[in-house]
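Single-structure report; data block below.
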Amino acid sequence: MPVNRRGAALAPANRYNDPYQALTTNIITAFSLLLHVTAQNTTTVDVTVNGSEHELEVEPRTLLVHALREELGYTGPKVGCESTLCGACTVRLDGDVVKSCTVLAVQADGAEIQTVEGLGDDDELHPIQRSFQEEHGLQCGYCTPGMLLSTASFLEENPDPTREEIREALEGNICRCTGYHNIVNAVEEAADKLATEEAR
Amino acid sequence: MTDDEGPDGGVLGAALDRREDPSLLTGEAKYTDDITHDGMLHMSVVRCPYGHAKVERVDASEAEAHEDVELVLTPEDLAESDLPGTLESIGMMVPKENWPMEAGPAEMFLPDYPLLAGDRALHQGHPVAVVVATDRYVANDATELVDVEYERLDAVANPAEATEDDAPALYEGAPDNVIFDWELGDPEAVDEAFESADHTVDIELEHPRVIPDAIEPRATIADFDPLTEKLTVEMTSQNPHHHRLWLSNTLDYPEHKIRIVAPEVGGGFGVKIHHYPEEALTSWCSMELERPVKWVQKRSEAHMTDAHARGHVTEASMALDDDGTILGLQADTHAALGAYVSTHAPLIPTGSYGMMLPGPFDVPAMRVNVIGTFTNTSPVDAYRGAGQPEATFVIQRLLEMAARDLDIDSAEIRRRNFIPPEEFPYAETVGNMVYDSGDYEKTLEKALEIADYDQYRQRQKELRDEDRYVGIGIASFVELTGLGPSKPGVPGPLPTFHESSLIRFHPSGTVTAYSGTADQGQGHKTAFAQVVAEELGVPYEDVEVIQGDTDQVPQGTGAFASRSAVVGGNAMAKSAEKIVEKATKIAAHQFEADEDDVVFEDGEFSIKGAPERSISMAEIAHEAHQANAIPDGMEPGLDATTFFDPDAPTIPFGSQVCIVEVDPESGEIDFLEYVAVDDCGEQINPQIVKGQIHGGIAQGLGPALFEEGKYDDNASLVSGTLMDYALPKANQLPDYDVECTVTPSPTNELGLKGIGEAGTIPAPTALVNAVVDALEPFGVDHVELPATPEKVWRAVEKGGEQ
């Protein structure tokens, strides 16, 4: 349990131990926020993230990106727009590329999730990661985790793409720094690397 | 020359892969929102939903009653607090008697910029109250529980309309909503030029408002420790030391008791330079609660409250003689500055726009008037290019129109007007600027060659016969970078834009180098390590670079105005020079030789003519930490600090050629070629330089094609999300063909010029010039920014009538 500097225990977020307080909260919440699920209800979600199994207690409204980042500490997926548009939160859910800012954690119950933390090994970068470094396909790095996972999924479907196909495939991931040119180079390079390394 | 070697065989100038990347690629890198602290609370902001409104009443009781809400702060609390209550950065940046630089003073109305709008909210999104809760979701929920009663007032968003008689007044002390009315140049000379000219062209244009949109939103974690009374603020900052000083003033709290840390920062482009209410509000909450408080901006908040850019309404004209030589230029511009004057705001439409209007051309007579106006919008301030995309657009749209009228080729009319290479250093007369070095035509010729200009001109003619419309757009530019020389100014409350560096040798011979500038993705750690390794002759791997922490870095200015390499890089080189100087003395002592006989080459000290006996820099570093091994009277250690203030700005330049095909039926634009040839002098890392140019072009093409920050008549932001504000996607932008020429700057030891903004400045102009060129057969002589399919289609429909 977290403590503040004076050593006092702090209630963990999202837990309502006192039924009366929870009820009050519910009434307030229900009246003022009709669309929101009451805060009292938490639900159990089982997910496998990068091969590790986790059991989570979350509010039904908790977004997958927040569950990953704040409950499980996978901060690779970033929050950029909360609306599916920028792609910084992209993860793979049972292999599919999803924007985890508009997926509820409960929707991931029983699923296998891959974040950027699960892409390379601890001591070796994945060929896609190496390609992005070599081709200078990233600058600030904020869109990069999402970009890498979209690339990984895309190259599984299309291992030898044209530049135009790469651009179409990445249109759900916005990069504000690179102007995309070097990202396209990096994906081409990654396709080469993957082909060569698989051939070995 | 390989990627690991620069032009001289060393590490300086090598296209090294960036050392920053592994942690960014694996998700290990920590941005502000990735950081948590024990007991951390979350702040959310209650914002005015209207463009202009009286705040009648703020009732926080319901929010305060929420069991997970720890604190609600309202305008009443602010008034009762010890805080000054306003953002205290503005008057510091812009001393009234001295701005912008030598361009002449102007009177300016500077209103208070309140942290919370207690009386009136002057733009949508202005903070009215803040809520702190144990959880991010609860904090957001609880903002809905704060009951605010507003009385809506008339609002105005357009900078020209703001000065009209029937426009609502934002401030009593600012008649016609005018912040300043600034004039530069020689009106008489311009009148004469226009009277004697063979030909004149004129244009009315709008340069739309742009929303910068770094993909990482702004964020702050403030952590006040009551025992040490230290306030630590982790935040998305391009300039941590400036933020420390501003926050010190805004909070009325001593500067040495504040530590600003900029962790990994996900893009800045200008938006993270300025001082905003939220960082002060987060700090205030943390000081009240004595617990860490985090605030992370939502994208919609970014659109409503980040400093916007551009937003000009301009009438301009140009006088030329028959052969296309420019004789005179004049421009009258209304520039929206928003509801408050943001940190650097007045400098942008004046120093960066007005003074830079001539661009790379010899303009013998010029006059510019800029009226900075209040509007009920988010403040407008510096963003990539800062005034210079607007300036480039004005002069090169006019030049293009003149070229068409006079039947002169677009490239040729530029050749005839470029400042010639033999004129450098060129004393520009309008703003008293000195352009350091240049060969402007060289970049144009190279760009034309890469784009195969002559062949495309031929092809353009042929394709028109097939009802296909190809257009070629050219834009050449210069940019004011490397701010900045402090000498043209007078002392003011804010430190001048010098930059600091500290290089520290450890006894084992490895090095830690500290830079006062900060990184948001540019790759400073790689680039500065290259400079230090080269200058000290130590392995690149032995140099660690630290920045972005005011408790580690002695002093600093920050990353803006394409200044980090120029001012920060040269500050590094100067510290290295001081270290070599001291190390030479130690080597001479070791050799028992005269200092003048010691040479330093490739990291080794030796006696002239006797290279077989040498001592490495690392060995000297070890000796320097042996107080009994160095000359008497010398201090031990091997450190050097530099505060570098350049003598002059650096002026990079370049040319872009954009070739498009336009479908007149749909208004759609297809890119055929995009060529940029840039000259930023010497380069520390060519791979990083090209990356900066690529990103810059994209940020210029976005607003050229579809980005537009739009307000409606009530000053409600229409482009409030990424659904309505179109950031360019991978499939909407072309490949770029980027090359560089190298004309070193004589103003600094490394010969560098800034490159961060260069791509952005000419791109909108190149695109619009290309579209207008494509549509010449339809009589189209201008297309407003952004050149959306609708606007292009309408231009075709109207043809010559517009």
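Letters A, B, ... go to the chains of the structure tokens in the order shown; residues in each chain start at 1; ligands are counted from 1 in the same order.
Near Val103 (chain A), within a cut-off of 8 Å and counting only C-alpha atoms, sit the residues Leu63, Leu64, Val65, Val98, Lys99, Ser100, Gln107 and Ala108 of chain A, with same-chain residues fewer than 3 positions away left out.
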Writing out the chosen residues with N, CA and C atoms as a compact mmCIF listing (two decimals), in the first residue's frame:
```txt
# COMPACT_ATOMS: atom_id res chain seq x y z
N LEU A 63 -9.97 1.86 -19.16
CA LEU A 63 -9.47 1.61 -20.52
C LEU A 63 -8.28 0.66 -20.46
N LEU A 64 -8.14 -0.12 -21.48
CA LEU A 64 -7.04 -1.08 -21.53
C LEU A 64 -5.69 -0.36 -21.37
N VAL A 65 -5.56 0.79 -22.02
CA VAL A 65 -4.26 1.48 -21.95
C VAL A 65 -3.94 1.88 -20.50
N VAL A 98 -4.70 -3.10 -32.05
CA VAL A 98 -5.81 -2.30 -31.53
C VAL A 98 -5.28 -1.03 -30.88
N LYS A 99 -6.15 -0.03 -30.82
CA LYS A 99 -5.81 1.19 -30.11
C LYS A 99 -6.31 1.00 -28.68
N SER A 100 -5.40 0.84 -27.76
CA SER A 100 -5.79 0.46 -26.40
C SER A 100 -6.45 1.60 -25.63
N GLN A 107 -12.76 -5.91 -22.03
CA GLN A 107 -12.83 -6.54 -23.35
C GLN A 107 -11.60 -7.41 -23.62
N ALA A 108 -10.56 -7.18 -22.85
CA ALA A 108 -9.32 -7.94 -23.05
C ALA A 108 -9.27 -9.17 -22.14
```
Inset, instruction - Return as a ChimeraX atom specification the residues belonging to chain B that are within 8 Å of chain A, counting only C-alpha atoms. - result: /B:17-18,21-22,24-28,30,34,38-39,66-67,134-135,141,144-145,213-217,264-267,291,298-300,520-523,687-688,691-692,694-699,722-723,727-731,733-736
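Every residue of region 25-155 of chain A with a DSSP assignment of strand (DSSP E), taken from the backbone, is listed as Thr43, Thr44, Val45, Asp46, Val47, Thr48, Val49, Ser52, Glu53, His54, Glu55, Leu56, Glu57, Val58, Thr90, Val91, Arg92, Leu93, Asp96, Val97, Val98, Lys99, Glu112, Ile113 and Gln114 of chain A.
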Please write the residues from the selection above to a file, keeping C-alpha atoms, as a PDB file, in the first residue's frame.
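Written output follows (part_32.pdb):
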```pdb
ATOM      1  CA  THR A  43     -14.460  -6.655 -12.057  1.00  0.00           C
ATOM      2  CA  THR A  44     -11.756  -9.235 -12.516  1.00  0.00           C
ATOM      3  CA  VAL A  45      -9.853  -9.350 -15.742  1.00  0.00           C
ATOM      4  CA  ASP A  46      -7.343 -12.028 -16.639  1.00  0.00           C
ATOM      5  CA  VAL A  47      -4.826 -11.027 -19.242  1.00  0.00           C
ATOM      6  CA  THR A  48      -1.545 -12.347 -20.505  1.00  0.00           C
ATOM      7  CA  VAL A  49       0.841  -9.524 -21.311  1.00  0.00           C
ATOM      8  CA  SER A  52       3.109 -13.064 -18.258  1.00  0.00           C
ATOM      9  CA  GLU A  53      -0.280 -13.813 -16.755  1.00  0.00           C
ATOM     10  CA  HIS A  54      -1.986 -11.130 -14.690  1.00  0.00           C
ATOM     11  CA  GLU A  55      -5.204 -10.911 -12.725  1.00  0.00           C
ATOM     12  CA  LEU A  56      -6.605  -7.416 -12.462  1.00  0.00           C
ATOM     13  CA  GLU A  57      -9.345  -5.813 -10.413  1.00  0.00           C
ATOM     14  CA  VAL A  58     -10.586  -2.865 -12.442  1.00  0.00           C
ATOM     15  CA  THR A  90      -1.343   0.716 -30.217  1.00  0.00           C
ATOM     16  CA  VAL A  91      -0.911  -2.808 -28.804  1.00  0.00           C
ATOM     17  CA  ARG A  92      -1.633  -6.257 -30.172  1.00  0.00           C
ATOM     18  CA  LEU A  93      -4.613  -8.102 -28.742  1.00  0.00           C
ATOM     19  CA  ASP A  96      -4.692  -7.938 -33.860  1.00  0.00           C
ATOM     20  CA  VAL A  97      -3.532  -4.345 -33.794  1.00  0.00           C
ATOM     21  CA  VAL A  98      -5.815  -2.296 -31.527  1.00  0.00           C
ATOM     22  CA  LYS A  99      -5.808   1.194 -30.107  1.00  0.00           C
ATOM     23  CA  GLU A 112      -3.018 -12.246 -24.991  1.00  0.00           C
ATOM     24  CA  ILE A 113      -1.614  -8.797 -25.295  1.00  0.00           C
ATOM     25  CA  GLN A 114       1.673  -7.725 -26.723  1.00  0.00           C
TER      26      GLN A 114
END
```
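For the pair CA of Arg416 (chain B) and CA of Asp323 (chain B), the interatomic distance is 8.5 Å.
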Inset, instruction - Using only C-alpha atoms, determine which residues lie at most 9 Å from Pro277 (chain B), disregarding the query and same-chain residues fewer than 4 positions distant; provide the list as number ranges by chain. - result: B: 86-87, 113-116, 126-127, 281-282
Selected residues written out, N, CA and C atoms, as a short mmCIF file (atom, residue, chain, number, x, y, z; two decimals), in the first residue's frame:
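selection_36.cif was written with the following content:
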```cif
data_model
loop_
_atom_site.label_atom_id
_atom_site.label_comp_id
_atom_site.auth_asym_id
_atom_site.auth_seq_id
_atom_site.Cartn_x
_atom_site.Cartn_y
_atom_site.Cartn_z
N THR B 86 -1.11 35.50 -11.27
CA THR B 86 -0.99 35.62 -12.72
C THR B 86 0.30 34.93 -13.17
N LEU B 87 0.36 34.64 -14.46
CA LEU B 87 1.59 34.09 -15.04
C LEU B 87 2.62 35.20 -15.16
N TYR B 113 -2.29 37.75 -16.92
CA TYR B 113 -2.68 36.44 -17.45
C TYR B 113 -3.01 35.58 -16.23
N PRO B 114 -4.28 35.59 -15.81
CA PRO B 114 -4.61 34.92 -14.54
C PRO B 114 -4.55 33.40 -14.62
N LEU B 115 -4.07 32.78 -13.56
CA LEU B 115 -4.00 31.32 -13.51
C LEU B 115 -5.38 30.70 -13.57
N LEU B 116 -6.34 31.33 -12.88
CA LEU B 116 -7.73 30.90 -12.94
C LEU B 116 -8.57 32.12 -13.29
N HIS B 126 -9.95 28.33 -20.89
CA HIS B 126 -9.22 28.97 -19.79
C HIS B 126 -9.58 28.29 -18.49
N PRO B 127 -8.58 27.93 -17.64
CA PRO B 127 -8.88 27.28 -16.37
C PRO B 127 -9.74 28.17 -15.47
N LEU B 281 -0.46 25.69 -11.50
CA LEU B 281 -1.59 25.16 -10.72
C LEU B 281 -1.23 23.81 -10.09
N THR B 282 -0.56 22.96 -10.85
CA THR B 282 -0.15 21.65 -10.30
C THR B 282 0.78 21.87 -9.11
#
```
